[in-house]
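> Sending over a structure as structure tokens; questions will come in a sec.
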Amino acid sequence: MPALVRITAGQAALCSEVNPMAKRRSFVFLICIICLFSAYLFWPHAAKESILYFPIDEGTTFSLSSTTLEKKAAVSANRMILRWSVQSILEKNAHLRQDIGLVFANGRLYSTIGEKTWKKDTSSLFQAKDLTVQESTLLQAVSFHYGELHEGSSFKSAQSMSAATRYAVLSKFSPPITFSVPKSRAEKEWQNTLTAYTDDRLQAVWQKGKAQYKLDVPGLSAIPLTEIAAWQTKSLPGLDRARTQKVIGQLWEGLYKNYVLGIKNGNSPPETPIGSYVPLILINRQAAMLYVLIPDRHLQFVLLKQKIS
């Protein structure tokens, strides 16, 4: 216990003058601490990189994984609203669940969903967003459905993919129409027109990027990201099903960190992916290497690579 210390009259006078200021400073300091703590609790935080590849749990699957694009309203001859939905149900609760979705309009990224939304101890997720279209457009949506599973000290994952395509036609010569599968000659013509326009645009962009990185060589298998969901039930070129699922899981982990959350190019700050062009996946079977060519909105190119093991 500290010994008693004698205080002189001068010291006592000094203390009586200083104490009110000390109390005031303590009060101000306390208020600052409370404000900072409140800001931490309520201020939006940066997204946590929550999609991480772990070995696939073969015993846990998705009973539902779905991406839809549906007409919500035709506001006028040059404006249409579509409803974009991403939904999934895992067979059991996961430690962490997240779905991310991308929708491209005529080959360029129009919107994203779920990149900053994840839930713990749940099996199902549902997210939706309205999209406004103001010109004739080919819309292509692709989603990655993810679950992180904990069993004691063992970490595993479950994954699935889904996709949707919709054509929105806005013409001054006819009423607005939208369809996924053409049912008339006019719809078939619009499908061909919008598909050809998007394909020609993307081929020109990808060709430029492949030339820059010297990837325009024989033997590479090319898969646009908008078509990756087709490999949910089949094997990638030169791979069996188990290796395909591993490669796809690692692919989406890399895309999430380096594309969805912002395109990382060198030491520059990440740039929004909105307006970028459809990434192109290139597989070199001989070198056991996978590349992802990402053209940003300024037509600058980023190349990601992944060793296939």
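Chain identifiers are assigned as A, B, and so on, following the order in which chains appear in the structure tokens; residues are numbered from 1 within each chain, and ligands are numbered from 1 in order of appearance.
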Show which residues sit within 7 Å of Tyr291 (chain A), as a ChimeraX atom specification. Count only C-alpha atoms, and ignore same-chain residues fewer than 5 positions away.
/A:281-283,303-306
> Could you write out that same residue set with N, CA, C and O atoms as a tab-separated table (two decimals), in the first residue's frame?

```
chain	number	residue	atom	x	y	z
A	281	ILE	N	-11.08	-17.07	-69.48
A	281	ILE	CA	-10.29	-18.11	-68.83
A	281	ILE	C	-9.58	-18.91	-69.90
A	281	ILE	O	-10.20	-19.38	-70.86
A	282	LEU	N	-8.27	-19.08	-69.74
A	282	LEU	CA	-7.45	-19.82	-70.71
A	282	LEU	C	-6.73	-20.94	-69.99
A	282	LEU	O	-6.07	-20.71	-68.98
A	283	ILE	N	-6.88	-22.16	-70.51
A	283	ILE	CA	-6.28	-23.33	-69.88
A	283	ILE	C	-5.19	-23.90	-70.78
A	283	ILE	O	-5.45	-24.24	-71.94
A	303	LEU	N	-3.61	-9.88	-65.96
A	303	LEU	CA	-3.54	-11.32	-66.16
A	303	LEU	C	-3.30	-12.02	-64.83
A	303	LEU	O	-2.32	-11.73	-64.14
A	304	LEU	N	-4.20	-12.93	-64.47
A	304	LEU	CA	-4.04	-13.77	-63.29
A	304	LEU	C	-3.64	-15.16	-63.75
A	304	LEU	O	-4.05	-15.61	-64.82
A	305	LYS	N	-2.85	-15.84	-62.96
A	305	LYS	CA	-2.48	-17.20	-63.31
A	305	LYS	C	-2.58	-18.12	-62.12
A	305	LYS	O	-2.40	-17.71	-60.98
A	306	GLN	N	-2.88	-19.38	-62.41
A	306	GLN	CA	-3.12	-20.37	-61.36
A	306	GLN	C	-2.54	-21.71	-61.82
A	306	GLN	O	-2.84	-22.19	-62.91
```
> Please list as a ChimeraX atom specification every residue within 12 Å of region 222-227 of chain A, counting only C-alpha atoms and excluding residues in the same chain fewer than 2 positions away.
/A:101-109,138-144,161-165,198-199,202-203,206-207,210,215-220,229-232,236-237,248,251-252,255,259,277-285,290-294
> Where in region 207-260 of chain A does DSSP assign helix (DSSP H, G or I), given as a PyMOL selection string?
chain A and resi 207-212+225-232+241-260
> Name all residues at most 10 Å from Tyr146 (chain A) (count only C-alpha atoms; drop same-chain ones fewer than 2 positions away) and give them as a list in words.
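Final neighbour list, sorted by chain and number: Ser50, Ile51, Leu52, Tyr53, Phe62, Ser88, Leu90, Ala94, Leu96, Arg97, Gln98, Asp99, Ile100, Trp118, Ser143, Phe144, Glu148, Leu149, Ser157, Ala158, Gln159, Ser160, Met161, Gly249 and Trp252 of chain A.
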> Take the selection from the previous step and output its residues with N, CA, C and O atoms, as an mmCIF file, in the first residue's frame.

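Once written, out_12.cif looks like this:
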```
data_model
loop_
_atom_site.group_PDB
_atom_site.id
_atom_site.type_symbol
_atom_site.label_atom_id
_atom_site.label_comp_id
_atom_site.auth_asym_id
_atom_site.auth_seq_id
_atom_site.Cartn_x
_atom_site.Cartn_y
_atom_site.Cartn_z
ATOM 1 N N SER A 50 -13.977 -13.378 -47.785
ATOM 2 C CA SER A 50 -14.526 -14.529 -47.081
ATOM 3 C C SER A 50 -14.602 -15.781 -47.932
ATOM 4 O O SER A 50 -14.902 -16.849 -47.419
ATOM 5 N N ILE A 51 -14.397 -15.698 -49.240
ATOM 6 C CA ILE A 51 -14.424 -16.896 -50.073
ATOM 7 C C ILE A 51 -13.009 -17.469 -50.140
ATOM 8 O O ILE A 51 -12.108 -16.889 -50.736
ATOM 9 N N LEU A 52 -12.831 -18.603 -49.479
ATOM 10 C CA LEU A 52 -11.534 -19.271 -49.431
ATOM 11 C C LEU A 52 -11.746 -20.730 -49.835
ATOM 12 O O LEU A 52 -12.669 -21.388 -49.347
ATOM 13 N N TYR A 53 -10.888 -21.204 -50.704
ATOM 14 C CA TYR A 53 -11.030 -22.599 -51.131
ATOM 15 C C TYR A 53 -10.493 -23.531 -50.051
ATOM 16 O O TYR A 53 -9.373 -23.370 -49.562
ATOM 17 N N PHE A 62 -25.468 -28.715 -52.595
ATOM 18 C CA PHE A 62 -26.538 -27.725 -52.675
ATOM 19 C C PHE A 62 -27.792 -28.393 -53.253
ATOM 20 O O PHE A 62 -27.739 -28.995 -54.330
ATOM 21 N N SER A 88 -29.734 -19.858 -53.165
ATOM 22 C CA SER A 88 -29.129 -21.183 -52.986
ATOM 23 C C SER A 88 -29.518 -21.756 -51.635
ATOM 24 O O SER A 88 -29.764 -21.021 -50.677
ATOM 25 N N LEU A 90 -28.119 -24.966 -49.126
ATOM 26 C CA LEU A 90 -27.189 -26.050 -48.827
ATOM 27 C C LEU A 90 -27.912 -27.091 -47.978
ATOM 28 O O LEU A 90 -28.849 -26.764 -47.238
ATOM 29 N N ALA A 94 -23.977 -24.066 -42.716
ATOM 30 C CA ALA A 94 -22.538 -23.891 -42.903
ATOM 31 C C ALA A 94 -22.034 -22.845 -41.926
ATOM 32 O O ALA A 94 -22.784 -21.954 -41.503
ATOM 33 N N LEU A 96 -20.109 -20.528 -42.663
ATOM 34 C CA LEU A 96 -20.219 -19.264 -43.402
ATOM 35 C C LEU A 96 -20.805 -19.550 -44.773
ATOM 36 O O LEU A 96 -20.429 -20.515 -45.430
ATOM 37 N N ARG A 97 -21.769 -18.702 -45.179
ATOM 38 C CA ARG A 97 -22.392 -18.847 -46.498
ATOM 39 C C ARG A 97 -22.292 -17.534 -47.259
ATOM 40 O O ARG A 97 -22.506 -16.453 -46.713
ATOM 41 N N GLN A 98 -21.948 -17.650 -48.524
ATOM 42 C CA GLN A 98 -21.899 -16.457 -49.367
ATOM 43 C C GLN A 98 -22.182 -16.843 -50.813
ATOM 44 O O GLN A 98 -21.713 -17.871 -51.308
ATOM 45 N N ASP A 99 -22.983 -16.030 -51.475
ATOM 46 C CA ASP A 99 -23.213 -16.139 -52.915
ATOM 47 C C ASP A 99 -22.773 -14.829 -53.546
ATOM 48 O O ASP A 99 -23.116 -13.753 -53.045
ATOM 49 N N ILE A 100 -22.033 -14.913 -54.638
ATOM 50 C CA ILE A 100 -21.693 -13.705 -55.381
ATOM 51 C C ILE A 100 -22.198 -13.856 -56.811
ATOM 52 O O ILE A 100 -22.169 -14.942 -57.389
ATOM 53 N N TRP A 118 -22.387 -11.835 -46.357
ATOM 54 C CA TRP A 118 -22.230 -13.234 -46.001
ATOM 55 C C TRP A 118 -22.963 -13.470 -44.674
ATOM 56 O O TRP A 118 -23.192 -12.549 -43.892
ATOM 57 N N SER A 143 -23.283 -16.877 -61.254
ATOM 58 C CA SER A 143 -23.186 -16.827 -59.795
ATOM 59 C C SER A 143 -22.336 -17.977 -59.273
ATOM 60 O O SER A 143 -22.311 -19.070 -59.849
ATOM 61 N N PHE A 144 -21.672 -17.708 -58.151
ATOM 62 C CA PHE A 144 -20.914 -18.731 -57.433
ATOM 63 C C PHE A 144 -21.504 -18.839 -56.036
ATOM 64 O O PHE A 144 -21.600 -17.849 -55.306
ATOM 65 N N GLU A 148 -18.628 -22.505 -46.282
ATOM 66 C CA GLU A 148 -17.435 -22.927 -45.532
ATOM 67 C C GLU A 148 -17.903 -23.803 -44.383
ATOM 68 O O GLU A 148 -18.729 -23.393 -43.564
ATOM 69 N N LEU A 149 -17.360 -25.019 -44.317
ATOM 70 C CA LEU A 149 -17.825 -26.019 -43.356
ATOM 71 C C LEU A 149 -16.739 -26.340 -42.351
ATOM 72 O O LEU A 149 -15.579 -26.572 -42.730
ATOM 73 N N SER A 157 -15.234 -27.172 -47.796
ATOM 74 C CA SER A 157 -16.131 -26.233 -48.456
ATOM 75 C C SER A 157 -17.110 -26.971 -49.359
ATOM 76 O O SER A 157 -16.890 -28.124 -49.736
ATOM 77 N N ALA A 158 -18.186 -26.274 -49.673
ATOM 78 C CA ALA A 158 -19.165 -26.741 -50.653
ATOM 79 C C ALA A 158 -19.354 -25.622 -51.660
ATOM 80 O O ALA A 158 -19.304 -24.433 -51.305
ATOM 81 N N GLN A 159 -19.555 -25.979 -52.924
ATOM 82 C CA GLN A 159 -19.656 -24.938 -53.946
ATOM 83 C C GLN A 159 -20.582 -25.383 -55.072
ATOM 84 O O GLN A 159 -20.798 -26.568 -55.313
ATOM 85 N N SER A 160 -21.140 -24.393 -55.747
ATOM 86 C CA SER A 160 -21.981 -24.641 -56.904
ATOM 87 C C SER A 160 -21.971 -23.370 -57.761
ATOM 88 O O SER A 160 -21.534 -22.301 -57.315
ATOM 89 N N MET A 161 -22.458 -23.490 -58.990
ATOM 90 C CA MET A 161 -22.565 -22.346 -59.888
ATOM 91 C C MET A 161 -23.917 -22.375 -60.577
ATOM 92 O O MET A 161 -24.544 -23.429 -60.711
ATOM 93 N N GLY A 249 -13.003 -23.906 -57.650
ATOM 94 C CA GLY A 249 -13.026 -23.268 -56.335
ATOM 95 C C GLY A 249 -11.898 -22.269 -56.170
ATOM 96 O O GLY A 249 -12.090 -21.150 -55.670
ATOM 97 N N TRP A 252 -12.560 -19.090 -58.390
ATOM 98 C CA TRP A 252 -13.489 -18.110 -57.830
ATOM 99 C C TRP A 252 -12.892 -17.386 -56.621
ATOM 100 O O TRP A 252 -13.192 -16.209 -56.381
#
```
> Could you tell me, as a list in words, which residues of region 197-285 of chain A DSSP assigns to strand (DSSP E) when given the backbone?
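For region 197-285 of chain A, the strand (DSSP E) set is Leu220, Ser221, Ala222, Ile223, Pro224, Leu280, Ile281, Leu282, Ile283 and Asn284 of chain A.
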> Using only C-alpha atoms, please write the residues we just selected to a file, as a compact mmCIF listing (two decimals), in the first residue's frame.

```txt
# COMPACT_ATOMS: atom_id res chain seq x y z
CA LEU A 220 -5.09 -23.09 -75.17
CA SER A 221 -8.71 -23.82 -74.25
CA ALA A 222 -10.71 -20.59 -73.88
CA ILE A 223 -13.81 -20.23 -71.66
CA PRO A 224 -15.57 -16.87 -71.13
CA LEU A 280 -11.53 -14.88 -70.42
CA ILE A 281 -10.29 -18.11 -68.83
CA LEU A 282 -7.45 -19.82 -70.71
CA ILE A 283 -6.28 -23.33 -69.88
CA ASN A 284 -2.85 -24.59 -70.95
```
> For a test of reading the model, state the distance in Å between CA of Val302 (chain A) and CA of Gln250 (chain A), rounded to one decimal.
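CA of Val302 (chain A) sits 17.6 Å away from CA of Gln250 (chain A).
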> Excluding same-chain residues fewer than 6 positions from Ser235 (chain A), what lies within 12 Å of it counting only C-alpha atoms, as a CSV table (one decimal) with all heavy atoms, in the first residue's frame?

```csv
chain,number,residue,atom,x,y,z
A,228,ILE,N,-18.8,-20.3,-67.6
A,228,ILE,CA,-18.1,-21.2,-66.6
A,228,ILE,C,-19.1,-22.1,-65.9
A,228,ILE,O,-18.8,-23.2,-65.5
A,228,ILE,CB,-17.3,-20.4,-65.6
A,228,ILE,CG1,-16.3,-21.4,-64.8
A,228,ILE,CG2,-18.1,-19.6,-64.7
A,228,ILE,CD1,-15.3,-22.1,-65.7
A,229,ALA,N,-20.4,-21.7,-65.7
A,229,ALA,CA,-21.3,-22.5,-65.0
A,229,ALA,C,-21.7,-23.8,-65.7
A,229,ALA,O,-22.2,-24.7,-65.1
A,229,ALA,CB,-22.6,-21.7,-64.7
A,241,ARG,N,-13.2,-34.9,-62.7
A,241,ARG,CA,-14.2,-34.1,-62.0
A,241,ARG,C,-13.6,-33.5,-60.7
A,241,ARG,O,-13.9,-32.4,-60.3
A,241,ARG,CB,-15.4,-35.0,-61.6
A,241,ARG,CG,-16.2,-35.4,-62.8
A,241,ARG,CD,-17.0,-34.1,-63.3
A,241,ARG,NE,-17.9,-33.6,-62.3
A,241,ARG,CZ,-18.0,-32.3,-62.1
A,241,ARG,NH1,-17.2,-31.4,-62.8
A,241,ARG,NH2,-18.8,-31.8,-61.2
A,242,ALA,N,-12.8,-34.3,-60.0
A,242,ALA,CA,-12.3,-33.8,-58.7
A,242,ALA,C,-11.3,-32.6,-58.9
A,242,ALA,O,-11.4,-31.6,-58.2
A,242,ALA,CB,-11.5,-35.0,-58.0
A,243,ARG,N,-10.5,-32.7,-59.9
A,243,ARG,CA,-9.5,-31.6,-60.2
A,243,ARG,C,-10.3,-30.4,-60.7
A,243,ARG,O,-9.9,-29.3,-60.5
A,243,ARG,CB,-8.4,-32.1,-61.1
A,243,ARG,CG,-7.5,-33.1,-60.5
A,243,ARG,CD,-6.5,-33.6,-61.6
A,243,ARG,NE,-5.5,-32.6,-61.9
A,243,ARG,CZ,-4.7,-32.6,-63.0
A,243,ARG,NH1,-4.9,-33.6,-63.9
A,243,ARG,NH2,-3.9,-31.7,-63.2
A,244,THR,N,-11.3,-30.7,-61.5
A,244,THR,CA,-12.1,-29.6,-62.0
A,244,THR,C,-12.8,-28.8,-60.9
A,244,THR,O,-12.7,-27.6,-60.9
A,244,THR,CB,-13.3,-30.2,-63.0
A,244,THR,OG1,-12.7,-30.7,-64.1
A,244,THR,CG2,-14.2,-29.1,-63.3
A,245,GLN,N,-13.3,-29.5,-59.9
A,245,GLN,CA,-13.9,-28.8,-58.8
A,245,GLN,C,-12.9,-28.0,-58.0
A,245,GLN,O,-13.2,-26.9,-57.5
A,245,GLN,CB,-14.7,-29.8,-57.9
A,245,GLN,CG,-16.0,-30.3,-58.5
A,245,GLN,CD,-16.9,-29.2,-59.0
A,245,GLN,OE1,-17.3,-28.4,-58.2
A,245,GLN,NE2,-17.3,-29.2,-60.2
A,246,LYS,N,-11.7,-28.5,-57.8
A,246,LYS,CA,-10.7,-27.8,-57.1
A,246,LYS,C,-10.2,-26.6,-57.9
A,246,LYS,O,-10.1,-25.5,-57.3
A,246,LYS,CB,-9.5,-28.7,-56.9
A,246,LYS,CG,-8.3,-28.1,-56.2
A,246,LYS,CD,-7.1,-29.0,-56.0
A,246,LYS,CE,-6.0,-28.4,-55.3
A,246,LYS,NZ,-4.8,-29.3,-55.1
A,247,VAL,N,-10.0,-26.7,-59.2
A,247,VAL,CA,-9.6,-25.6,-60.0
A,247,VAL,C,-10.7,-24.5,-60.0
A,247,VAL,O,-10.4,-23.3,-59.9
A,247,VAL,CB,-9.3,-26.0,-61.5
A,247,VAL,CG1,-9.2,-24.8,-62.4
A,247,VAL,CG2,-8.1,-26.9,-61.5
A,248,ILE,N,-12.0,-24.9,-60.1
A,248,ILE,CA,-13.1,-23.9,-60.1
A,248,ILE,C,-13.2,-23.2,-58.7
A,248,ILE,O,-13.3,-22.0,-58.7
A,248,ILE,CB,-14.4,-24.6,-60.4
A,248,ILE,CG1,-14.4,-24.9,-61.9
A,248,ILE,CG2,-15.6,-23.7,-60.1
A,248,ILE,CD1,-15.6,-25.7,-62.4
```
> Within 12 Å of Trp190 (chain A), counting only C-alpha atoms, which residues qualify if same-chain residues fewer than 3 places away don't, as a count of residues only?
25
> CA of Arg297 (chain A) and CA of Ser268 (chain A), how far apart in Å?
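Taking CA of Ser268 (chain A) and CA of Arg297 (chain A), their separation equals 15.2 Å.
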